[in-house]
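Asks: For reference, this is protein_26.cif, and it has mmCIF, C-alpha atoms.
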data_entry
loop_
_atom_site.label_atom_id
_atom_site.label_comp_id
_atom_site.auth_asym_id
_atom_site.auth_seq_id
_atom_site.Cartn_x
_atom_site.Cartn_y
_atom_site.Cartn_z
CA MET A 1 0.00 0.00 0.00
CA LYS A 2 1.23 3.47 -0.87
CA LEU A 3 -0.64 6.78 -0.93
CA ARG A 4 -0.18 10.51 -0.76
CA CYS A 5 -2.63 12.76 1.02
CA GLU A 6 -2.92 16.20 2.59
CA ARG A 7 -2.11 16.09 6.30
CA ASP A 8 -5.44 17.46 7.54
CA VAL A 9 -7.47 15.03 5.44
CA LEU A 10 -5.42 12.13 6.76
CA VAL A 11 -5.69 13.30 10.38
CA GLU A 12 -9.47 13.52 10.05
CA ALA A 13 -9.73 9.98 8.67
CA LEU A 14 -7.36 8.49 11.26
CA SER A 15 -8.91 10.26 14.25
CA THR A 16 -12.49 9.46 13.18
CA ALA A 17 -11.79 5.74 12.78
CA GLY A 18 -9.59 5.76 15.86
CA ARG A 19 -12.47 6.71 18.14
CA ALA A 20 -13.76 3.13 17.82
CA THR A 21 -10.47 1.40 18.62
CA ALA A 22 -10.08 -0.50 21.88
CA GLY A 23 -8.44 1.47 24.65
CA ARG A 24 -9.07 -0.94 27.51
CA SER A 25 -6.39 -3.25 28.85
CA GLY A 26 -6.78 -6.90 28.00
CA ALA A 27 -8.13 -6.28 24.51
CA LEU A 28 -6.47 -7.89 21.51
CA PRO A 29 -3.52 -5.72 20.41
CA VAL A 30 -4.85 -5.52 16.83
CA LEU A 31 -8.01 -3.82 18.11
CA SER A 32 -5.92 -0.77 19.02
CA GLY A 33 -5.04 -0.45 15.35
CA VAL A 34 -6.71 1.28 12.42
CA ARG A 35 -7.12 -0.71 9.21
CA LEU A 36 -6.06 1.35 6.20
CA GLU A 37 -7.04 0.12 2.75
CA THR A 38 -6.27 1.91 -0.50
CA ARG A 39 -8.16 1.16 -3.70
CA ALA A 40 -7.42 3.49 -6.61
CA ASP A 41 -7.77 6.99 -5.12
CA THR A 42 -9.92 6.06 -2.11
CA LEU A 43 -8.61 5.40 1.39
CA THR A 44 -10.87 3.50 3.79
CA ALA A 45 -9.91 3.80 7.47
CA THR A 46 -11.62 1.43 9.90
CA GLY A 47 -11.43 1.10 13.67
CA THR A 48 -13.28 -1.35 15.89
CA ASP A 49 -13.38 -2.76 19.41
CA LEU A 50 -15.90 -5.44 18.27
CA ASP A 51 -18.79 -3.56 19.92
CA LEU A 52 -18.36 -0.32 17.97
CA THR A 53 -17.01 0.07 14.44
CA ILE A 54 -16.34 3.33 12.59
CA ALA A 55 -15.28 3.38 8.93
CA THR A 56 -14.59 6.49 6.88
CA HIS A 57 -13.54 7.17 3.30
CA ALA A 58 -11.16 9.86 2.06
CA THR A 59 -9.96 10.86 -1.38
CA VAL A 60 -6.19 10.43 -1.74
CA THR A 61 -3.62 9.94 -4.45
CA GLY A 62 -3.37 6.17 -4.57
CA LEU A 63 0.10 5.04 -5.65
CA ASP A 64 -0.28 1.35 -4.82
CA ASP A 65 -3.37 -0.56 -3.64
CA GLY A 66 -3.09 -2.54 -0.44
CA VAL A 67 -4.02 -2.98 3.22
CA VAL A 68 -2.19 -2.31 6.47
CA VAL A 69 -3.24 -2.24 10.14
CA ALA A 70 -1.39 0.63 11.77
CA PRO A 71 -1.17 1.45 15.49
CA GLY A 72 -4.04 3.93 15.59
CA ARG A 73 -3.12 6.45 18.26
CA LEU A 74 0.59 6.53 17.42
CA VAL A 75 0.12 7.07 13.68
CA THR A 76 -2.57 9.71 14.29
CA ASP A 77 -0.27 11.60 16.68
CA ILE A 78 2.61 11.42 14.21
CA VAL A 79 0.60 12.69 11.25
CA ARG A 80 -1.00 15.45 13.35
CA ALA A 81 2.47 16.64 14.42
CA LEU A 82 3.73 17.01 10.84
CA ASP A 83 3.88 20.34 9.05
CA PRO A 84 0.91 21.15 6.78
CA GLY A 85 1.18 19.69 3.31
CA ALA A 86 1.38 16.34 1.59
CA VAL A 87 2.05 13.16 3.59
CA THR A 88 3.13 9.85 2.08
CA LEU A 89 2.25 6.51 3.69
CA GLU A 90 3.93 3.37 2.44
CA ALA A 91 3.57 -0.13 3.88
CA GLU A 92 6.47 -2.51 3.42
CA ASP A 93 6.77 -5.88 5.19
CA ASP A 94 5.84 -5.20 8.85
CA ASP A 95 6.47 -1.45 8.80
CA LEU A 96 4.53 1.64 7.82
CA ARG A 97 6.66 4.51 6.60
CA ILE A 98 5.38 8.05 7.08
CA ALA A 99 7.10 10.87 5.23
CA SER A 100 6.47 14.59 4.91
CA GLY A 101 9.08 17.18 4.02
CA ARG A 102 12.16 16.40 6.09
CA SER A 103 10.26 14.20 8.55
CA GLN A 104 10.58 10.42 8.26
CA PHE A 105 8.96 7.82 10.53
CA SER A 106 8.78 4.05 10.46
CA VAL A 107 6.38 2.24 12.80
CA ARG A 108 5.64 -1.44 13.31
CA THR A 109 2.24 -2.65 12.11
CA HIS A 110 -0.20 -5.36 13.20
CA PRO A 111 -0.77 -8.50 11.09
CA VAL A 112 -3.60 -7.77 8.65
CA GLY A 113 -4.99 -11.27 9.13
CA ASP A 114 -5.56 -10.62 12.84
CA PHE A 115 -7.97 -7.76 12.17
CA PRO A 116 -11.55 -9.04 12.63
CA HIS A 117 -13.79 -9.65 9.64
CA LEU A 118 -16.62 -7.12 9.80
CA PRO A 119 -19.90 -8.14 8.11
CA ALA A 120 -21.67 -5.69 5.83
CA PRO A 121 -24.57 -3.73 7.40
CA SER A 122 -27.96 -5.41 7.10
CA GLY A 123 -31.53 -4.12 7.07
CA ASP A 124 -33.32 -1.52 4.99
CA SER A 125 -31.97 2.03 4.96
CA VAL A 126 -34.15 4.73 6.55
CA THR A 127 -33.30 8.44 6.53
CA LEU A 128 -33.40 10.38 9.81
CA PRO A 129 -33.66 14.17 10.33
CA VAL A 130 -30.18 15.34 11.32
CA GLU A 131 -31.22 18.49 13.18
CA GLY A 132 -33.82 16.80 15.39
CA LEU A 133 -31.67 13.73 15.99
CA ALA A 134 -28.58 15.73 16.94
CA GLU A 135 -30.51 17.72 19.53
CA ALA A 136 -32.23 14.58 20.85
CA LEU A 137 -28.89 12.81 21.34
CA ARG A 138 -27.49 15.85 23.16
CA GLN A 139 -30.46 15.81 25.51
CA VAL A 140 -30.71 12.08 26.17
CA VAL A 141 -27.23 10.51 26.10
CA ARG A 142 -26.16 12.51 29.17
CA ALA A 143 -28.53 10.57 31.44
CA ALA A 144 -27.24 7.11 30.51
CA SER A 145 -25.02 5.24 32.97
CA SER A 146 -21.28 4.86 32.43
CA GLU A 147 -21.05 1.87 34.77
CA ASP A 148 -20.34 -1.36 32.88
CA SER A 149 -21.66 -3.34 35.85
CA ARG A 150 -25.18 -2.45 34.69
CA PRO A 151 -25.00 -2.74 30.90
CA ILE A 152 -28.74 -2.20 30.37
CA LEU A 153 -28.45 1.30 31.81
CA THR A 154 -25.53 2.20 29.53
CA GLY A 155 -27.91 2.09 26.57
CA VAL A 156 -30.48 4.45 25.11
CA LEU A 157 -33.88 2.96 24.41
CA MET A 158 -35.22 3.73 20.95
CA ALA A 159 -38.93 2.86 20.89
CA ALA A 160 -41.74 3.34 18.42
CA GLU A 161 -44.38 5.66 19.83
CA GLU A 162 -47.61 6.80 18.29
CA GLY A 163 -46.63 9.49 15.80
CA GLY A 164 -42.87 9.03 15.99
CA LEU A 165 -39.78 7.80 17.82
CA ARG A 166 -38.94 8.05 21.53
CA LEU A 167 -35.43 8.06 23.03
CA VAL A 168 -35.04 7.19 26.73
CA SER A 169 -32.04 6.86 29.05
CA THR A 170 -31.53 6.52 32.78
CA ASP A 171 -28.73 5.81 35.24
CA SER A 172 -31.29 5.20 38.03
CA TYR A 173 -30.65 8.69 39.48
CA ARG A 174 -32.10 10.64 36.58
CA LEU A 175 -34.13 9.96 33.46
CA ALA A 176 -34.27 11.66 30.07
CA VAL A 177 -37.11 11.22 27.57
CA ARG A 178 -37.19 12.83 24.12
CA ASP A 179 -39.85 12.40 21.43
CA LEU A 180 -39.15 12.86 17.72
CA ALA A 181 -42.48 13.41 16.02
CA GLY A 182 -42.95 11.99 12.56
CA VAL A 183 -39.82 9.81 12.65
CA GLY A 184 -40.93 6.32 11.75
CA VAL A 185 -37.78 4.18 11.71
CA LEU A 186 -39.23 1.34 13.81
CA GLY A 187 -42.24 -0.89 13.36
CA ALA A 188 -45.26 -0.70 15.66
CA ASP A 189 -44.26 -1.51 19.26
CA GLN A 190 -40.67 -2.19 18.16
CA LYS A 191 -37.83 -1.11 20.43
CA VAL A 192 -34.05 -1.47 20.48
CA LEU A 193 -31.37 -0.62 23.02
CA VAL A 194 -28.40 1.24 21.52
CA PRO A 195 -25.17 1.78 23.52
CA SER A 196 -24.87 5.39 24.63
CA ARG A 197 -21.18 5.40 23.70
CA ALA A 198 -22.11 4.76 20.07
CA LEU A 199 -24.75 7.50 20.11
CA ASN A 200 -22.30 9.92 21.68
CA GLU A 201 -19.91 9.28 18.79
CA LEU A 202 -22.81 9.63 16.35
CA GLY A 203 -23.59 13.02 17.84
CA ARG A 204 -20.06 14.15 16.95
CA LEU A 205 -20.45 12.91 13.39
CA LEU A 206 -23.72 14.78 12.91
CA ALA A 207 -22.09 18.20 13.29
CA GLY A 208 -22.46 19.76 9.86
CA ALA A 209 -23.97 16.62 8.34
CA GLY A 210 -26.62 16.88 5.65
CA GLU A 211 -28.48 13.68 6.41
CA VAL A 212 -28.07 10.41 8.27
CA SER A 213 -29.38 6.97 7.40
CA LEU A 214 -30.04 4.00 9.67
CA ARG A 215 -29.86 0.31 8.88
CA LEU A 216 -31.24 -1.84 11.67
CA GLY A 217 -30.15 -5.48 11.79
CA ALA A 218 -31.09 -8.24 14.18
CA HIS A 219 -28.16 -7.57 16.50
CA ASP A 220 -26.64 -4.31 15.28
CA ALA A 221 -27.42 -0.85 13.97
CA THR A 222 -25.51 1.13 11.35
CA PHE A 223 -25.69 4.90 11.03
CA SER A 224 -24.21 6.50 7.91
CA THR A 225 -23.57 10.16 7.19
CA GLY A 226 -21.38 11.51 4.41
CA PRO A 227 -18.22 9.40 4.11
CA VAL A 228 -18.58 7.85 7.58
CA SER A 229 -20.49 4.82 8.80
CA LEU A 230 -20.85 3.78 12.44
CA THR A 231 -21.95 0.27 13.38
CA THR A 232 -22.77 -0.76 16.92
CA ARG A 233 -23.92 -3.93 18.58
CA LEU A 234 -27.31 -3.62 20.22
CA ILE A 235 -27.67 -4.32 23.93
CA GLU A 236 -29.77 -7.35 24.79
CA GLY A 237 -32.08 -7.22 27.78
CA GLU A 238 -35.18 -5.49 29.11
CA PHE A 239 -35.01 -1.76 29.73
CA PRO A 240 -36.55 -0.64 33.05
CA ASN A 241 -40.20 0.39 33.10
CA TYR A 242 -39.48 4.10 33.12
CA ARG A 243 -43.13 5.15 32.78
CA GLN A 244 -43.90 4.22 36.38
CA LEU A 245 -41.32 6.78 37.55
CA ILE A 246 -43.21 9.71 36.02
CA PRO A 247 -46.13 10.91 38.17
CA PRO A 248 -49.28 11.86 36.23
CA SER A 249 -49.44 15.28 37.89
CA TYR A 250 -47.55 17.55 40.27
CA PRO A 251 -48.98 19.90 42.92
CA ASN A 252 -45.92 22.16 43.04
CA ARG A 253 -44.69 24.15 40.03
CA LEU A 254 -41.68 26.45 39.74
CA THR A 255 -41.27 28.61 36.62
CA VAL A 256 -37.85 30.22 36.30
CA GLY A 257 -35.47 31.61 33.70
CA ARG A 258 -33.30 28.74 32.49
CA GLU A 259 -30.10 30.75 32.16
CA ALA A 260 -30.53 32.47 35.53
CA LEU A 261 -31.01 29.16 37.36
CA LEU A 262 -28.22 27.50 35.41
CA GLU A 263 -25.68 30.21 36.19
CA ALA A 264 -26.68 30.29 39.86
CA ALA A 265 -26.31 26.50 40.09
CA ARG A 266 -22.87 26.65 38.50
CA ARG A 267 -21.74 29.32 40.96
CA VAL A 268 -22.92 27.68 44.18
CA LYS A 269 -21.57 24.31 42.95
CA LEU A 270 -18.07 25.76 43.40
CA LEU A 271 -18.50 25.06 47.13
CA ALA A 272 -19.58 21.46 46.52
CA ARG A 273 -16.08 20.07 46.91
CA ASP A 274 -17.43 16.52 47.18
CA PRO A 275 -19.49 15.05 44.32
CA VAL A 276 -22.22 13.97 46.74
CA THR A 277 -22.67 17.43 48.28
CA PRO A 278 -26.18 18.53 47.26
CA VAL A 279 -27.53 21.89 46.22
CA ARG A 280 -30.55 22.88 48.30
CA ILE A 281 -33.35 24.86 46.66
CA ALA A 282 -35.74 26.69 48.98
CA LEU A 283 -39.06 27.09 47.15
CA ALA A 284 -41.28 29.98 48.15
CA ALA A 285 -43.86 32.23 46.50
CA GLU A 286 -41.56 35.26 46.54
CA GLY A 287 -38.67 33.44 44.84
CA ILE A 288 -36.10 30.71 45.38
CA GLN A 289 -32.73 30.41 47.05
CA LEU A 290 -29.96 27.99 46.10
CA GLN A 291 -27.57 26.91 48.84
CA VAL A 292 -24.56 24.60 49.12
CA ILE A 293 -23.09 23.80 52.55
CA THR A 294 -19.70 22.11 52.89
CA PRO A 295 -18.57 21.97 56.54
CA ASP A 296 -14.84 21.91 55.78
CA TRP A 297 -14.97 24.71 53.21
CA GLY A 298 -17.91 26.99 53.87
CA GLN A 299 -21.18 27.72 52.15
CA ALA A 300 -22.65 29.53 49.16
CA SER A 301 -26.14 30.85 48.49
CA GLU A 302 -27.87 32.80 45.75
CA ASP A 303 -31.39 34.15 45.29
CA VAL A 304 -33.12 33.77 41.94
CA ASP A 305 -36.31 35.48 40.81
CA ALA A 306 -38.98 32.93 39.98
CA LYS A 307 -42.67 32.17 40.06
CA TYR A 308 -43.64 29.37 42.44
CA GLU A 309 -47.04 27.82 43.02
CA GLY A 310 -47.32 25.18 45.75
CA ALA A 311 -46.30 24.31 49.30
CA GLU A 312 -43.15 25.95 50.62
CA MET A 313 -40.33 23.40 50.93
CA THR A 314 -36.65 22.82 50.41
CA VAL A 315 -35.59 20.19 47.89
CA ALA A 316 -32.02 19.05 47.27
CA PHE A 317 -30.37 17.60 44.18
CA ASN A 318 -26.99 16.45 42.96
CA PRO A 319 -25.74 19.79 41.55
CA GLN A 320 -24.18 18.28 38.42
CA TYR A 321 -27.35 16.36 37.59
CA LEU A 322 -29.36 19.56 37.97
CA ILE A 323 -26.91 21.45 35.72
CA ASP A 324 -27.03 18.66 33.12
CA GLY A 325 -30.80 18.90 33.00
CA LEU A 326 -30.83 22.67 32.67
CA GLU A 327 -28.26 22.50 29.86
CA ALA A 328 -30.39 19.95 28.03
CA VAL A 329 -33.75 21.73 28.22
CA SER A 330 -34.33 24.22 25.43
CA GLY A 331 -36.09 27.58 25.72
CA ASP A 332 -35.74 30.67 27.88
CA GLU A 333 -37.84 29.39 30.79
CA VAL A 334 -38.11 26.00 32.47
CA VAL A 335 -40.61 24.39 34.79
CA LEU A 336 -39.42 22.39 37.81
CA SER A 337 -42.31 20.26 39.08
CA THR A 338 -42.20 18.50 42.45
CA LEU A 339 -44.40 16.25 44.59
CA ASP A 340 -42.44 16.51 47.84
CA THR A 341 -38.84 16.49 49.06
CA LEU A 342 -38.30 12.78 48.40
CA LYS A 343 -40.21 12.05 45.18
CA PRO A 344 -38.78 12.47 41.64
CA ALA A 345 -38.93 15.99 40.19
CA THR A 346 -39.10 16.89 36.51
CA LEU A 347 -37.62 19.64 34.35
CA ARG A 348 -39.39 20.72 31.16
CA ALA A 349 -39.39 23.70 28.86
CA VAL A 350 -42.29 26.12 29.34
CA GLU A 351 -43.01 25.85 25.64
CA GLY A 352 -43.01 22.42 24.00
CA ASP A 353 -43.45 19.02 25.57
CA ASN A 354 -41.09 16.82 23.57
CA TYR A 355 -38.40 16.59 26.29
CA LEU A 356 -38.57 15.61 29.94
CA TYR A 357 -35.71 15.35 32.42
CA LEU A 358 -36.49 13.65 35.72
CA LEU A 359 -34.10 13.65 38.66
CA MET A 360 -34.20 12.07 42.07
CA PRO A 361 -33.87 14.39 45.07
CA VAL A 362 -31.18 13.93 47.71
CA ARG A 363 -32.25 13.38 51.32
CA VAL A 364 -30.87 16.09 53.60
CA SER A 365 -31.34 16.66 57.32
#
Represent the supplied structure as structure tokens.

Replies:
Amino acid sequence: MKLRCERDVLVEALSTAGRATAGRSGALPVLSGVRLETRADTLTATGTDLDLTIATHATVTGLDDGVVVAPGRLVTDIVRALDPGAVTLEAEDDDLRIASGRSQFSVRTHPVGDFPHLPAPSGDSVTLPVEGLAEALRQVVRAASSEDSRPILTGVLMAAEEGGLRLVSTDSYRLAVRDLAGVGVLGADQKVLVPSRALNELGRLLAGAGEVSLRLGAHDATFSTGPVSLTTRLIEGEFPNYRQLIPPSYPNRLTVGREALLEAARRVKLLARDPVTPVRIALAAEGIQLQVITPDWGQASEDVDAKYEGAEMTVAFNPQYLIDGLEAVSGDEVVLSTLDTLKPATLRAVEGDNYLYLLMPVRVS
């Protein structure tokens, strides 16, 4: 294999495919590599950890067709460090030579035969709205768990709902639900559980994308946009019954400027030196007060103008979870609805009902 390509084009291809390579210890060494294949003037870069696969195409000057599996992170770092301009890659025996200007590198490669065979995507292709999907992923992926001990909660539920598609995630401390009206990618009552890591990577790929297509197989899903395709294994198992967590109505309703509450939460969180230190919100008709108390450091409080209807009380939340919810909700004003100090509360936009963020309160003395 031999090719010539502009540095920035090559960096983009290597880094995009490299986001799917295995970074965990114990994985097969070849899974830390990026498979580079040149056919005519097209370079295909592929990375995989067997659960997630990202492949991207780039136009290059192909000098010799061939395949090599290069150490992904090392080669990406080398190419990124080169001066702008043309870069030549040439595979010979067990080495990959990288040349640009006066810079010359030679790195050891992985055996091509050790790289896993990746089946072609299956299922019919369905086009999704990029703008709505990108916003939905931003709002929902944040509430998924990052703990591998509970794999079901690391996924995002995609379920067919009347009139569209629903995305749901939860880490058992908070819950995010987003509806995409008019998006019919699943059959009636069909649902799949997609790893949040894959959807987080998809969100990156959607920036500036024109459209995205989905192919849904029996055990995997493939999203394609522009020159990039992302394939992920689906998670098997039953997603929790999230509907039972959402009360049908709330007696207490706080309406407040989203930016004002968000900035106040960020400021008082500076005193939450421990991740479990809660932010207390005193709810009263004349307004609200946010407070963080850390015995070893001090305390912070801030008053925020708001409209509150309901019983006066003080509720407490994990400050980062509250901030995540406020960042996800769109619009100038949000509604925080509560039952009491120990029941789940919800955040919604004042206008529009396609997104709900539920968070569990923290018990405080």

Asks: When distances are computed from only C-alpha atoms, which of A:Ala260, A:Leu165, A:Val362, A:Ala349 shows the smallest separation from Pro319 (chain A)?

Replies: A:Val362

Asks: Just want the 8 Å neighbourhood of Thr231 (chain A), counted on all atoms listed in the file, with same-chain residues fewer than 3 positions away dropped. Output as number ranges by chain.

Replies: A: 52-54, 121, 220-223

Asks: Next, write the just-selected residues to a file, as a PDB file, in the frame of the given file, keeping C-alpha atoms as the atom set.

Replies:
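Saved the output as again-v4.pdb:
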ATOM      1  CA  LEU A  52     -18.360  -0.320  17.970  1.00  0.00           C
ATOM      2  CA  THR A  53     -17.010   0.070  14.440  1.00  0.00           C
ATOM      3  CA  ILE A  54     -16.340   3.330  12.590  1.00  0.00           C
ATOM      4  CA  PRO A 121     -24.570  -3.730   7.400  1.00  0.00           C
ATOM      5  CA  ASP A 220     -26.640  -4.310  15.280  1.00  0.00           C
ATOM      6  CA  ALA A 221     -27.420  -0.850  13.970  1.00  0.00           C
ATOM      7  CA  THR A 222     -25.510   1.130  11.350  1.00  0.00           C
ATOM      8  CA  PHE A 223     -25.690   4.900  11.030  1.00  0.00           C
TER       9      PHE A 223
END

Asks: How many Å lie between CA of Ser146 (chain A) and CA of Glu263 (chain A), rounded to one decimal?

Replies: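 It comes out at 26.0 Å.
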
Asks: Residues picked by the PyMOL selection byres ((chain A and resi 51) around 6) here, as a ChimeraX atom specification?

Replies: /A:49-50,52,232-233

Asks: Would you please work out which residue, of A:Ala160, A:Ala58, A:Ile281, A:Val141, is nearest to Asp41 (chain A) when using all atoms listed in the file?

Replies: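 Counting all atoms listed in the file, the residue closest to Asp41 (chain A) is A:Ala58.
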
Asks: Applied to this file, what does the PyMOL selection byres ((chain A and resi 68) around 12) return in terms of residues, put as an NGL selection string?

Replies: :A and (1-3 or 30 or 33-38 or 43-46 or 65-67 or 69-72 or 89-97 or 107-115)

Asks: Run the PyMOL selection byres ((chain A and resi 272) around 12) against the file shown and list the residues it catches, as number ranges by chain.

Replies: A: 265-271, 273-280, 291-301, 317-320

Asks: With a distance cut-off of 8 Å and all atoms listed in the file, select the neighbouring residues of Ser145 (chain A), excluding the residue or stretch itself and same-chain residues fewer than 3 positions from it, and output the selection as a list of chain:residue names.

Replies: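 Listed by chain and then number, they are A:Arg150, A:Leu153, A:Thr154, A:Gly155, A:Thr170, A:Asp171.
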
Asks: Rank A:Pro119, A:Ile288, A:Leu10, A:Leu28 by their smallest atom-to-atom distance to Thr56 (chain A), using all atoms listed in the file, and report the top residue only.

Replies: A:Leu10

Asks: For a test of reading the model, state the distance in Å between CA of Tyr242 (chain A) and CA of Pro344 (chain A), rounded to one decimal.

Replies: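 These two atoms are separated by 12.0 Å.
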
Asks: Can you tell me how far CA of His219 (chain A) sits from CA of Phe239 (chain A), in Å to one decimal?

Replies: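 Value for the CA of His219 (chain A)-CA of Phe239 (chain A) distance: 16.0 Å.
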
Asks: Leaving out Arg204 (chain A) and any residue of its chain fewer than 5 positions from it, which residues lie within 10 Å of it when counting only C-alpha atoms, given as a list in words?

Replies: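 Using only C-alpha atoms, the neighbours found are Thr16, Ala134, Leu137, Arg138, Leu199 and Ala209 of chain A.
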
Asks: Using all atoms listed in the file, find the one residue out of A:Asp179, A:Asp83, A:Glu161, A:Asp148 that sits nearest to Leu356 (chain A).

Replies: A:Asp179

Asks: Is there a way to get, as a PyMOL selection string, all residues within 8 Å of the point (-31.4, 1.0, 28.3) in file coordinates, counting only C-alpha atoms?

Replies: chain A and resi 144+151-157+168-170+193-195+235+238-240

Asks: Looking at A:Tyr321, A:Arg178, A:Leu186, A:Gly101, which one is nearest to Arg348 (chain A), with distances taken over only C-alpha atoms?

Replies: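 The closest residue to Arg348 (chain A) is A:Arg178.
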
Asks: Looking at only C-alpha atoms, which of A:Leu202, A:Leu82, A:Ala311, A:Ala120 is the one that sits closest to Ser103 (chain A)?

Replies: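 Among the listed residues, the smallest separation from Ser103 (chain A) belongs to A:Leu82.
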